[in-house]
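Student: Have a peek at query-v8.cif (mmCIF, C-alpha atoms and all ligand atoms; chains and numbers go by the auth columns).
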```cif
data_work
#
loop_
_atom_site.group_PDB
_atom_site.id
_atom_site.type_symbol
_atom_site.label_atom_id
_atom_site.label_comp_id
_atom_site.label_asym_id
_atom_site.label_seq_id
_atom_site.Cartn_x
_atom_site.Cartn_y
_atom_site.Cartn_z
_atom_site.B_iso_or_equiv
_atom_site.auth_seq_id
_atom_site.auth_asym_id
ATOM 1 C CA MET A 1 141.188 51.980 154.756 0.00 73 S
ATOM 2 C CA ALA A 2 140.423 55.017 152.644 0.00 74 S
ATOM 3 C CA LEU A 3 140.854 58.758 152.851 0.00 75 S
ATOM 4 C CA ASP A 4 138.084 60.783 151.231 0.00 76 S
ATOM 5 C CA LEU A 5 138.052 64.477 150.480 0.00 77 S
ATOM 6 C CA GLN A 6 134.622 65.803 149.591 0.00 78 S
ATOM 7 C CA ASP A 7 134.780 69.149 147.795 0.00 79 S
ATOM 8 C CA LEU A 8 137.515 70.282 150.157 0.00 80 S
ATOM 9 C CA SER A 9 138.690 73.851 149.763 0.00 81 S
ATOM 10 C CA VAL A 10 140.568 76.337 151.875 0.00 82 S
ATOM 11 C CA THR A 11 140.042 80.088 151.741 0.00 83 S
ATOM 12 C CA PRO A 12 142.218 82.716 153.424 0.00 84 S
ATOM 13 C CA LYS A 13 139.957 84.689 155.794 0.00 85 S
ATOM 14 C CA ASP A 14 140.502 87.954 153.905 0.00 86 S
ATOM 15 C CA ALA A 15 139.909 86.412 150.458 0.00 87 S
ATOM 16 C CA THR A 16 136.749 85.703 148.516 0.00 88 S
ATOM 17 C CA ARG A 17 138.119 82.812 146.473 0.00 89 S
ATOM 18 C CA PRO A 18 139.579 79.539 147.751 0.00 90 S
ATOM 19 C CA LEU A 19 143.296 78.829 147.176 0.00 91 S
ATOM 20 C CA PHE A 20 142.403 76.002 144.760 0.00 92 S
ATOM 21 C CA ALA A 21 139.235 74.572 143.218 0.00 93 S
ATOM 22 C CA PRO A 22 137.278 72.314 145.602 0.00 94 S
ATOM 23 C CA LEU A 23 138.954 68.929 145.656 0.00 95 S
ATOM 24 C CA ARG A 24 137.048 65.654 145.474 0.00 96 S
ATOM 25 C CA LEU A 25 139.373 62.737 145.907 0.00 97 S
ATOM 26 C CA ARG A 26 139.474 59.202 147.248 0.00 98 S
ATOM 27 C CA VAL A 27 142.776 57.626 148.281 0.00 99 S
ATOM 28 C CA THR A 28 142.335 53.895 148.805 0.00 100 S
ATOM 29 C CA ALA A 29 144.329 51.503 150.996 0.00 101 S
ATOM 30 C CA ALA A 30 147.994 51.194 149.968 0.00 102 S
ATOM 31 C CA GLU A 31 147.530 53.765 147.196 0.00 103 S
ATOM 32 C CA VAL A 32 149.793 56.802 146.841 0.00 104 S
ATOM 33 C CA VAL A 33 148.134 59.838 145.260 0.00 105 S
ATOM 34 C CA THR A 34 150.528 62.618 144.274 0.00 106 S
ATOM 35 C CA VAL A 35 149.622 66.297 144.638 0.00 107 S
ATOM 36 C CA MET A 36 151.611 68.715 142.501 0.00 108 S
ATOM 37 C CA GLY A 37 151.321 72.426 141.770 0.00 109 S
ATOM 38 C CA PRO A 38 153.273 75.668 141.875 0.00 110 S
ATOM 39 C CA SER A 39 154.763 77.040 145.057 0.00 111 S
ATOM 40 C CA GLY A 40 152.208 78.940 147.124 0.00 112 S
ATOM 41 C CA VAL A 41 149.148 77.297 145.526 0.00 113 S
ATOM 42 C CA GLY A 42 148.137 75.749 148.855 0.00 114 S
ATOM 43 C CA LYS A 43 149.548 72.217 148.922 0.00 115 S
ATOM 44 C CA SER A 44 150.848 72.414 152.487 0.00 116 S
ATOM 45 C CA THR A 45 147.666 74.186 153.583 0.00 117 S
ATOM 46 C CA LEU A 46 145.636 71.355 152.044 0.00 118 S
ATOM 47 C CA LEU A 47 147.584 68.804 154.105 0.00 119 S
ATOM 48 C CA ASP A 48 147.165 71.017 157.203 0.00 120 S
ATOM 49 C CA ALA A 49 143.411 71.021 156.618 0.00 121 S
ATOM 50 C CA ILE A 50 143.280 67.235 156.243 0.00 122 S
ATOM 51 C CA ALA A 51 145.422 66.609 159.322 0.00 123 S
ATOM 52 C CA GLY A 52 143.523 69.146 161.446 0.00 124 S
ATOM 53 C CA HIS A 53 146.289 71.748 161.718 0.00 125 S
ATOM 54 C CA LEU A 54 144.730 74.485 159.593 0.00 126 S
ATOM 55 C CA PRO A 55 146.160 77.850 160.725 0.00 127 S
ATOM 56 C CA PRO A 56 143.555 80.288 162.103 0.00 128 S
ATOM 57 C CA GLY A 57 143.926 82.552 159.053 0.00 129 S
ATOM 58 C CA PHE A 58 142.041 80.054 156.869 0.00 130 S
ATOM 59 C CA ARG A 59 138.505 78.748 156.572 0.00 131 S
ATOM 60 C CA LEU A 60 137.727 75.249 155.382 0.00 132 S
ATOM 61 C CA GLN A 61 134.819 74.084 153.248 0.00 133 S
ATOM 62 C CA GLY A 62 133.903 70.533 152.359 0.00 134 S
ATOM 63 C CA SER A 63 134.851 67.514 154.431 0.00 135 S
ATOM 64 C CA VAL A 64 137.478 64.911 155.226 0.00 136 S
ATOM 65 C CA SER A 65 136.527 61.281 155.925 0.00 137 S
ATOM 66 C CA LEU A 66 138.585 58.314 157.048 0.00 138 S
ATOM 67 C CA ASP A 67 137.069 54.888 156.457 0.00 139 S
ATOM 68 C CA GLY A 68 133.718 56.565 155.929 0.00 140 S
ATOM 69 C CA ARG A 69 133.861 58.509 159.188 0.00 141 S
ATOM 70 C CA ASP A 70 133.700 62.295 158.929 0.00 142 S
ATOM 71 C CA VAL A 71 136.699 63.685 160.845 0.00 143 S
ATOM 72 C CA THR A 72 136.438 67.302 159.649 0.00 144 S
ATOM 73 C CA THR A 73 135.589 68.745 163.045 0.00 145 S
ATOM 74 C CA LEU A 74 137.857 66.484 165.113 0.00 146 S
ATOM 75 C CA PRO A 75 141.073 67.836 166.643 0.00 147 S
ATOM 76 C CA ALA A 76 144.282 66.625 164.964 0.00 148 S
ATOM 77 C CA GLU A 77 145.123 64.091 167.689 0.00 149 S
ATOM 78 C CA ALA A 78 141.732 62.396 167.346 0.00 150 S
ATOM 79 C CA ARG A 79 141.944 61.958 163.558 0.00 151 S
ATOM 80 C CA GLY A 80 144.594 59.290 163.281 0.00 152 S
ATOM 81 C CA ILE A 81 146.329 60.942 160.330 0.00 153 S
ATOM 82 C CA GLY A 82 150.135 60.783 160.247 0.00 154 S
ATOM 83 C CA VAL A 83 152.221 63.533 158.657 0.00 155 S
ATOM 84 C CA MET A 84 155.837 63.676 157.480 0.00 156 S
ATOM 85 C CA PHE A 85 157.407 66.994 156.566 0.00 157 S
ATOM 86 C CA GLN A 86 160.448 68.158 154.622 0.00 158 S
ATOM 87 C CA ASP A 87 162.419 68.591 157.817 0.00 159 S
ATOM 88 C CA ALA A 88 162.302 65.517 159.978 0.00 160 S
ATOM 89 C CA VAL A 89 162.443 67.534 163.161 0.00 161 S
ATOM 90 C CA MET A 90 163.387 65.698 166.338 0.00 162 S
ATOM 91 C CA PHE A 91 163.395 67.089 169.855 0.00 163 S
ATOM 92 C CA PRO A 92 167.110 67.834 170.366 0.00 164 S
ATOM 93 C CA HIS A 93 167.017 67.268 174.131 0.00 165 S
ATOM 94 C CA LEU A 94 165.600 63.732 173.774 0.00 166 S
ATOM 95 C CA SER A 95 167.420 60.605 172.632 0.00 167 S
ATOM 96 C CA VAL A 96 166.488 59.029 169.289 0.00 168 S
ATOM 97 C CA GLY A 97 164.514 56.326 171.128 0.00 169 S
ATOM 98 C CA ASP A 98 162.637 58.815 173.296 0.00 170 S
ATOM 99 C CA ASN A 99 161.771 60.810 170.176 0.00 171 S
ATOM 100 C CA LEU A 100 160.181 57.678 168.693 0.00 172 S
ATOM 101 C CA ALA A 101 158.484 56.859 171.996 0.00 173 S
ATOM 102 C CA PHE A 102 156.908 60.313 171.830 0.00 174 S
ATOM 103 C CA GLY A 103 155.036 59.209 168.684 0.00 175 S
ATOM 104 C CA LEU A 104 153.987 55.839 170.061 0.00 176 S
ATOM 105 C CA THR A 105 150.251 55.266 170.390 0.00 177 S
ATOM 106 C CA ALA A 106 148.807 55.174 173.910 0.00 178 S
ATOM 107 C CA ALA A 107 147.320 51.795 172.960 0.00 179 S
ATOM 108 C CA VAL A 108 150.707 50.216 173.733 0.00 180 S
ATOM 109 C CA LYS A 109 150.750 50.166 177.522 0.00 181 S
ATOM 110 C CA GLY A 110 153.480 49.583 180.053 0.00 182 S
ATOM 111 C CA ARG A 111 157.092 50.712 180.134 0.00 183 S
ATOM 112 C CA ALA A 112 158.543 47.413 178.892 0.00 184 S
ATOM 113 C CA ALA A 113 156.041 47.035 176.036 0.00 185 S
ATOM 114 C CA ARG A 114 156.599 50.607 174.913 0.00 186 S
ATOM 115 C CA ARG A 115 160.372 50.205 175.006 0.00 187 S
ATOM 116 C CA LYS A 116 160.043 46.987 172.998 0.00 188 S
ATOM 117 C CA ALA A 117 157.843 48.670 170.353 0.00 189 S
ATOM 118 C CA VAL A 118 160.404 51.460 169.917 0.00 190 S
ATOM 119 C CA GLU A 119 163.325 48.998 169.761 0.00 191 S
ATOM 120 C CA ALA A 120 161.465 47.044 167.051 0.00 192 S
ATOM 121 C CA ALA A 121 160.833 50.239 165.065 0.00 193 S
ATOM 122 C CA LEU A 122 164.520 51.223 165.345 0.00 194 S
ATOM 123 C CA ASP A 123 165.470 47.762 164.139 0.00 195 S
ATOM 124 C CA THR A 124 163.130 48.110 161.132 0.00 196 S
ATOM 125 C CA ALA A 125 164.732 51.465 160.338 0.00 197 S
ATOM 126 C CA GLY A 126 168.215 49.938 160.364 0.00 198 S
ATOM 127 C CA LEU A 127 168.892 51.755 163.638 0.00 199 S
ATOM 128 C CA ALA A 128 169.196 48.825 166.039 0.00 200 S
ATOM 129 C CA GLY A 129 171.122 49.933 169.124 0.00 201 S
ATOM 130 C CA PHE A 130 170.435 53.628 168.472 0.00 202 S
ATOM 131 C CA TYR A 131 167.956 54.138 171.351 0.00 203 S
ATOM 132 C CA ALA A 132 170.219 56.351 173.442 0.00 204 S
ATOM 133 C CA ARG A 133 171.787 58.239 170.505 0.00 205 S
ATOM 134 C CA ASP A 134 171.612 62.016 170.254 0.00 206 S
ATOM 135 C CA PRO A 135 169.426 62.808 167.186 0.00 207 S
ATOM 136 C CA ALA A 136 172.029 65.370 166.069 0.00 208 S
ATOM 137 C CA THR A 137 174.405 62.484 165.293 0.00 209 S
ATOM 138 C CA LEU A 138 172.075 60.873 162.716 0.00 210 S
ATOM 139 C CA SER A 139 172.772 61.082 158.987 0.00 211 S
ATOM 140 C CA GLY A 140 170.071 62.483 156.703 0.00 212 S
ATOM 141 C CA GLY A 141 168.908 59.012 155.718 0.00 213 S
ATOM 142 C CA GLN A 142 168.880 57.733 159.291 0.00 214 S
ATOM 143 C CA ARG A 143 166.926 60.786 160.375 0.00 215 S
ATOM 144 C CA ALA A 144 164.335 60.308 157.614 0.00 216 S
ATOM 145 C CA ARG A 145 163.866 56.618 158.455 0.00 217 S
ATOM 146 C CA ALA A 146 163.567 57.422 162.170 0.00 218 S
ATOM 147 C CA ALA A 147 161.001 60.129 161.399 0.00 219 S
ATOM 148 C CA LEU A 148 158.880 57.686 159.408 0.00 220 S
ATOM 149 C CA MET A 149 159.008 55.200 162.268 0.00 221 S
ATOM 150 C CA ARG A 150 157.952 57.892 164.746 0.00 222 S
ATOM 151 C CA THR A 151 154.965 58.707 162.522 0.00 223 S
ATOM 152 C CA LEU A 152 154.026 55.031 162.071 0.00 224 S
ATOM 153 C CA LEU A 153 154.322 54.274 165.805 0.00 225 S
ATOM 154 C CA ALA A 154 151.260 56.468 166.263 0.00 226 S
ATOM 155 C CA ALA A 155 149.361 53.796 164.252 0.00 227 S
ATOM 156 C CA PRO A 156 147.864 56.294 161.786 0.00 228 S
ATOM 157 C CA LYS A 157 145.032 55.352 159.422 0.00 229 S
ATOM 158 C CA ALA A 158 146.382 57.555 156.631 0.00 230 S
ATOM 159 C CA LEU A 159 149.702 59.183 155.816 0.00 231 S
ATOM 160 C CA LEU A 160 150.359 62.677 154.454 0.00 232 S
ATOM 161 C CA LEU A 161 153.790 63.462 153.032 0.00 233 S
ATOM 162 C CA ASP A 162 154.766 67.113 152.502 0.00 234 S
ATOM 163 C CA GLU A 163 157.834 67.040 150.247 0.00 235 S
ATOM 164 C CA PRO A 164 159.577 64.708 152.697 0.00 236 S
ATOM 165 C CA PHE A 165 162.350 63.727 150.279 0.00 237 S
ATOM 166 C CA SER A 166 163.251 67.138 148.874 0.00 238 S
ATOM 167 C CA ARG A 167 166.196 67.819 151.191 0.00 239 S
ATOM 168 C CA LEU A 168 167.792 64.430 150.566 0.00 240 S
ATOM 169 C CA ASP A 169 170.474 64.090 147.926 0.00 241 S
ATOM 170 C CA ALA A 170 169.610 62.152 144.791 0.00 242 S
ATOM 171 C CA SER A 171 171.113 58.789 145.738 0.00 243 S
ATOM 172 C CA LEU A 172 169.451 58.741 149.146 0.00 244 S
ATOM 173 C CA ARG A 173 166.196 60.042 147.825 0.00 245 S
ATOM 174 C CA ALA A 174 165.195 56.927 145.905 0.00 246 S
ATOM 175 C CA GLU A 175 166.146 54.722 148.840 0.00 247 S
ATOM 176 C CA ILE A 176 164.134 56.676 151.411 0.00 248 S
ATOM 177 C CA ARG A 177 161.202 57.031 149.028 0.00 249 S
ATOM 178 C CA GLY A 178 161.154 53.252 148.593 0.00 250 S
ATOM 179 C CA PHE A 179 161.408 52.759 152.343 0.00 251 S
ATOM 180 C CA VAL A 180 158.476 55.089 153.026 0.00 252 S
ATOM 181 C CA PHE A 181 156.238 53.683 150.261 0.00 253 S
ATOM 182 C CA ASP A 182 157.006 50.059 151.211 0.00 254 S
ATOM 183 C CA HIS A 183 156.093 50.611 154.856 0.00 255 S
ATOM 184 C CA ALA A 184 152.965 52.590 154.042 0.00 256 S
ATOM 185 C CA ARG A 185 151.797 49.929 151.574 0.00 257 S
ATOM 186 C CA ALA A 186 152.581 47.080 153.962 0.00 258 S
ATOM 187 C CA ARG A 187 150.216 48.715 156.445 0.00 259 S
ATOM 188 C CA GLY A 188 147.577 49.387 153.824 0.00 260 S
ATOM 189 C CA LEU A 189 147.701 53.135 154.440 0.00 261 S
ATOM 190 C CA PRO A 190 146.199 55.595 151.981 0.00 262 S
ATOM 191 C CA VAL A 191 149.006 58.076 151.214 0.00 263 S
ATOM 192 C CA LEU A 192 148.804 61.641 149.902 0.00 264 S
ATOM 193 C CA LEU A 193 152.189 62.846 148.656 0.00 265 S
ATOM 194 C CA VAL A 194 153.009 66.484 147.926 0.00 266 S
ATOM 195 C CA THR A 195 156.070 66.830 145.712 0.00 267 S
ATOM 196 C CA HIS A 196 157.720 68.919 143.013 0.00 268 S
ATOM 197 C CA ASP A 197 159.651 65.942 141.699 0.00 269 S
ATOM 198 C CA SER A 198 158.197 63.975 138.791 0.00 270 S
ATOM 199 C CA GLU A 199 160.380 61.019 139.822 0.00 271 S
ATOM 200 C CA ASP A 200 158.520 60.911 143.138 0.00 272 S
ATOM 201 C CA ALA A 201 155.231 60.880 141.245 0.00 273 S
ATOM 202 C CA ALA A 202 156.456 58.097 138.936 0.00 274 S
ATOM 203 C CA ALA A 203 157.607 56.002 141.886 0.00 275 S
ATOM 204 C CA ALA A 204 154.277 56.572 143.638 0.00 276 S
ATOM 205 C CA ALA A 205 152.644 54.915 140.597 0.00 277 S
ATOM 206 C CA GLY A 206 149.247 56.371 141.502 0.00 278 S
ATOM 207 C CA PRO A 207 146.991 59.165 140.300 0.00 279 S
ATOM 208 C CA VAL A 208 148.425 62.684 140.099 0.00 280 S
ATOM 209 C CA VAL A 209 146.336 65.680 141.158 0.00 281 S
ATOM 210 C CA THR A 210 147.487 69.151 140.083 0.00 282 S
ATOM 211 C CA LEU A 211 146.326 72.136 142.117 0.00 283 S
HETATM 212 P P1 LIG B . 152.433 75.431 148.939 0.00 301 S
HETATM 213 O O1 LIG B . 152.652 74.383 149.992 0.00 301 S
HETATM 214 O O2 LIG B . 151.633 74.946 147.773 0.00 301 S
HETATM 215 O O3 LIG B . 153.723 76.048 148.490 0.00 301 S
HETATM 216 P P2 LIG B . 151.134 76.871 151.080 0.00 301 S
HETATM 217 O O4 LIG B . 150.007 75.968 151.425 0.00 301 S
HETATM 218 O O5 LIG B . 152.309 76.864 151.977 0.00 301 S
HETATM 219 O O6 LIG B . 151.562 76.612 149.567 0.00 301 S
HETATM 220 O O7 LIG B . 150.599 78.354 151.031 0.00 301 S
HETATM 221 C C1 LIG B . 149.396 78.718 150.367 0.00 301 S
HETATM 222 C C2 LIG B . 149.129 80.198 150.551 0.00 301 S
HETATM 223 O O8 LIG B . 148.793 80.476 151.901 0.00 301 S
HETATM 224 C C3 LIG B . 150.316 81.070 150.226 0.00 301 S
HETATM 225 O O9 LIG B . 149.843 82.221 149.584 0.00 301 S
HETATM 226 C C4 LIG B . 150.921 81.402 151.569 0.00 301 S
HETATM 227 O O10 LIG B . 151.562 82.634 151.553 0.00 301 S
HETATM 228 C C5 LIG B . 149.683 81.428 152.449 0.00 301 S
HETATM 229 N N1 LIG B . 149.956 80.984 153.832 0.00 301 S
HETATM 230 C C6 LIG B . 150.700 79.940 154.227 0.00 301 S
HETATM 231 N N2 LIG B . 150.661 79.781 155.566 0.00 301 S
HETATM 232 C C7 LIG B . 149.875 80.764 156.049 0.00 301 S
HETATM 233 C C8 LIG B . 149.419 81.160 157.355 0.00 301 S
HETATM 234 N N3 LIG B . 149.796 80.495 158.458 0.00 301 S
HETATM 235 N N4 LIG B . 148.576 82.224 157.443 0.00 301 S
HETATM 236 C C9 LIG B . 148.197 82.897 156.355 0.00 301 S
HETATM 237 N N5 LIG B . 148.589 82.576 155.084 0.00 301 S
HETATM 238 C C10 LIG B . 149.403 81.551 154.934 0.00 301 S
HETATM 239 MG MG MG B . 154.374 73.615 150.869 0.00 302 S
#
```
Let me see the structure of the file written as structure tokens.

Tutor:
Amino acid sequence: MALDLQDLSVTPKDATRPLFAPLRLRVTAAEVVTVMGPSGVGKSTLLDAIAGHLPPGFRLQGSVSLDGRDVTTLPAEARGIGVMFQDAVMFPHLSVGDNLAFGLTAAVKGRAARRKAVEAALDTAGLAGFYARDPATLSGGQRARAALMRTLLAAPKALLLDEPFSRLDASLRAEIRGFVFDHARARGLPVLLVTHDSEDAAAAAGPVVTL
């Protein structure tokens, strides 16, 4: 698996210059590439463009490919790109298990099989027995692990991380970072990580791109 950006740039509709210089980048299977840069430079917008969520106020140039297939014009749900944000938002009116089931790929069919897939993901996240829990009762670490599982249940072909560890306190941060990287690598996912933290970049142990 590989994620390729070919001269990708994003320009606000009322601007003449793109937010950042056109980006040419290949992220290979199980590799974590770190994207750094000052606030407002366009890091989140870059991830939006890759995932297919570019707000209407922007225009995209260049292309995004997954495993050699150009996905630039596909809608987000057809791209197979998973995203994790700073706030691991869960639907408050759904149980933890139903939140994870919401992410689960349609390829897993049948009520029992889907329930089993979610139970297995909860188990992996150290949340065995948490299916019926109210998401509001989760700790920060539990919430972050559950959010990763929800993203992975969609069976993505690449993973984008937008400062997903920045709200976690220092002790938890290293643990969750390790958890996320281990699971992404075990699945051979190319990972693009946006962060302000040089410790995140060091732990990613991959190339660093500065916008
Ligand atoms: P970063 O993640 O690097 O801090 P962003 O990608 O969030 O930066 O923002 C890049 C630029 O685009 C900023 O100038 C920001 O104000 C602007 N911006 C962000 N979201 C929108 C939007 N939905 N519509 C128009 N401009 C936006
Ligand atoms: Mg941002």

Student: Could you write out as a PyMOL selection string the residues that the PyMOL selection byres (((not hetatm)) within 8 of (chain S and resi 301)) matches in the shown file?

Tutor: chain S and resi 84+91+109-118+126-130+234

Student: In terms of the shortest atom-to-atom distance over all atoms listed in the file, which of S:Leu172, S:Ile248, S:Leu138, S:Val107 is closest to ligand MG 302 (chain S)?

Tutor: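 Of S:Leu172, S:Ile248, S:Leu138, S:Val107, the one nearest ligand MG 302 (chain S), counting all atoms listed in the file, is S:Val107.
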
Student: I want to know what sits within 12 Å of Phe163 in chain S, based on all atoms listed in the file, with residues of the same chain fewer than 2 positions away left out; could you give that as a PyMOL selection string?

Tutor: chain S and resi 160-161+165-175+206-208+215+219+222

Student: Take the PyMOL selection byres (((chain S and resi 228) around 7) and not hetatm), run it mentally on this structure, and tell me the resulting residues as a list in words.

Tutor: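 Against this file, the PyMOL selection byres (((chain S and resi 228) around 7) and not hetatm) returns the residues Gly152, Ile153, Gly154, Leu224, Ala226, Ala227, Lys229, Ala230 and Leu231 of chain S.
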
Student: Extract, using only C-alpha atoms, all DNA, RNA and protein residues at most 12 Å from Ser81 in chain S, discarding same-chain residues fewer than 2 positions from it, and format them as a PyMOL selection string.

Tutor: chain S and resi 77-79+83-84+89-97+113-115+117-122+126+130-136+283

Student: CA of Asp142 in chain S and CA of Met108 in chain S, how far apart in Å?

Tutor: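 Interatomic distance here is 25.1 Å.
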
Student: Applying the PyMOL selection byres (((chain S and resi 253) around 10) and not hetatm) to the file I just gave you, which residues come out? Please list them as JSON, numbers by chain.

Tutor: {"S": [102, 103, 104, 248, 249, 250, 251, 252, 254, 255, 256, 257, 258, 259, 261, 263, 275, 276]}

Student: Have a look at CA of Leu264 in chain S and CA of Leu233 in chain S and let me know their distance in Å, one decimal.

Tutor: 6.2 Å

Student: Compile the contact shell of Leu199 in chain S as a ChimeraX atom specification: residues with an atom at most 12 Å away, counting all atoms listed in the file, same-chain residues fewer than 4 positions apart removed.

Tutor: /S:168-169,172,190-195,203-205,207,210-211,213-219,221
